[in-house]
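**Student:** One structure follows; several queries about it will come next.
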Amino acid sequence: LIHQRVPPELCRQEALEKHEDGERDVPLGDLLRNPQILLIAVASVLANSDYAFLEPTLGDHAKALGIATSPDSIGLLFSVSSVCYTISCPAIGLLSDRSRIGPRPMIYAGLLAQAIGFLLIGPSPLLGWLHGGSASWLQVVGGLVLFGVGESMSMTPVMDDMMASCGEHADASVNSLSSVLAASFSLGQMVGPVIGTALTSRFTFPWACTAMALVLLVHTSAIMLVEVLSPKRTVREGAYQELSAVNPPEVEVAED
């Protein structure tokens, strides 16, 4: 369908025009020197590590609580987060449009939802007044729902947010941004199980979840602080203007 609607000749012509105009891809190093992009990349790592954090730890925790004791019930418990993520992604994609809520507020809300999910699933000892030291199945399922929806909120608008931070050089940054995004997703999948097993074996599952929640809250605060110090200026019709030019073009002045 794409091949029929966008002729290859048109794509080749646009690429040729960019080449003739002297536009080049923004190097990866230039992107990572932009604090907005770097912080969102780290947020992607954290957001993508929450489900991986639970993979080696949630089964034993559910058995200890008596919530899920068979392989089928444990698998069903894991599916809660995945199903919520899949269902919520289209709606989150629409709401995170720059003309509506925007990508950055959606990422904030997603990280906070995941942090609350960790506090509920643990359950966190800091919330002893709420759960009395033990989590019910409803509390665990509610936390998994927050995981799924929160991950959708914090992952779906990431690319658009990064491109907004690139400003006028967004098109030239696509290749490098794709590399950053893929690397952050993979890194989150790798470090999640490592952090989950390491913290759980040393501090118990409730405290491990509490630590992850605090990390998410601290990083969300760091993103907010950077945005306050170097805010994205709002332009007409609800879109974003560039934070700073990550690869400013060189302008040659012709001498008479």
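Letters A, B, ... go to the chains of the structure tokens in the order shown; residues in each chain start at 1; ligands are counted from 1 in the same order.
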Which residues are close to range 203-214 of chain A, i.e. within 10 Å by only C-alpha atoms, leaving aside same-chain residues fewer than 4 positions away? Reply as a PyMOL selection string.
**Tutor:** chain A and resi 46+49-50+53-54+57-58+60-61+111-127+133-134+195-199+218-220
**Student:** At a cut-off of 12 Å, using only C-alpha atoms, what residues contact range 72-79 of chain A? Leave out same-chain residues fewer than 4 positions from it and give the result as JSON, numbers by chain.
**Tutor:** {"A": [51, 52, 53, 54, 55, 56, 57, 58, 59, 60, 61, 62, 63, 64, 66, 67, 68, 83, 84, 85, 86, 121, 137, 138, 140, 141, 142, 143, 144, 145, 147, 148]}
**Student:** Would you please work out which residue, of A:Val215, A:Leu225, A:Val191, A:Ala172, is nearest to Leu28 in chain A when using only C-alpha atoms?
**Tutor:**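 Closest to Leu28 in chain A, using only C-alpha atoms: A:Ala172.
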**Student:** I'd like to know which of A:Leu65, A:Asn175, A:Ile107, A:Gly167 is closest to Gln139 in chain A, using only C-alpha atoms.
**Tutor:**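 So, comparing all the options, the nearest one is A:Leu65.
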**Student:** Counting only C-alpha atoms, figure out which residue out of A:Ile87, A:Val228, A:Met153, A:Met162 gets nearest to Leu32 in chain A.
**Tutor:**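 For Leu32 in chain A, the nearest of the candidates is A:Met162.
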**Student:** Identify all residues of range 27-180 of chain A in alpha helix (DSSP H) (DSSP on the backbone) and supply them as JSON, numbers by chain.
**Tutor:** {"A": [28, 29, 30, 31, 32, 35, 36, 37, 38, 39, 40, 41, 42, 43, 44, 45, 46, 47, 48, 49, 50, 51, 52, 53, 54, 58, 59, 60, 61, 62, 63, 64, 65, 71, 72, 73, 74, 75, 76, 77, 78, 79, 80, 81, 82, 83, 84, 85, 86, 87, 88, 89, 90, 91, 92, 93, 94, 95, 103, 104, 105, 106, 107, 108, 109, 110, 111, 112, 113, 114, 115, 116, 117, 118, 119, 120, 121, 128, 129, 130, 131, 137, 138, 139, 140, 141, 142, 143, 144, 145, 146, 147, 148, 149, 150, 151, 152, 153, 154, 155, 158, 159, 160, 161, 162, 163, 164, 165, 166, 174, 175, 176, 177, 178, 179, 180]}
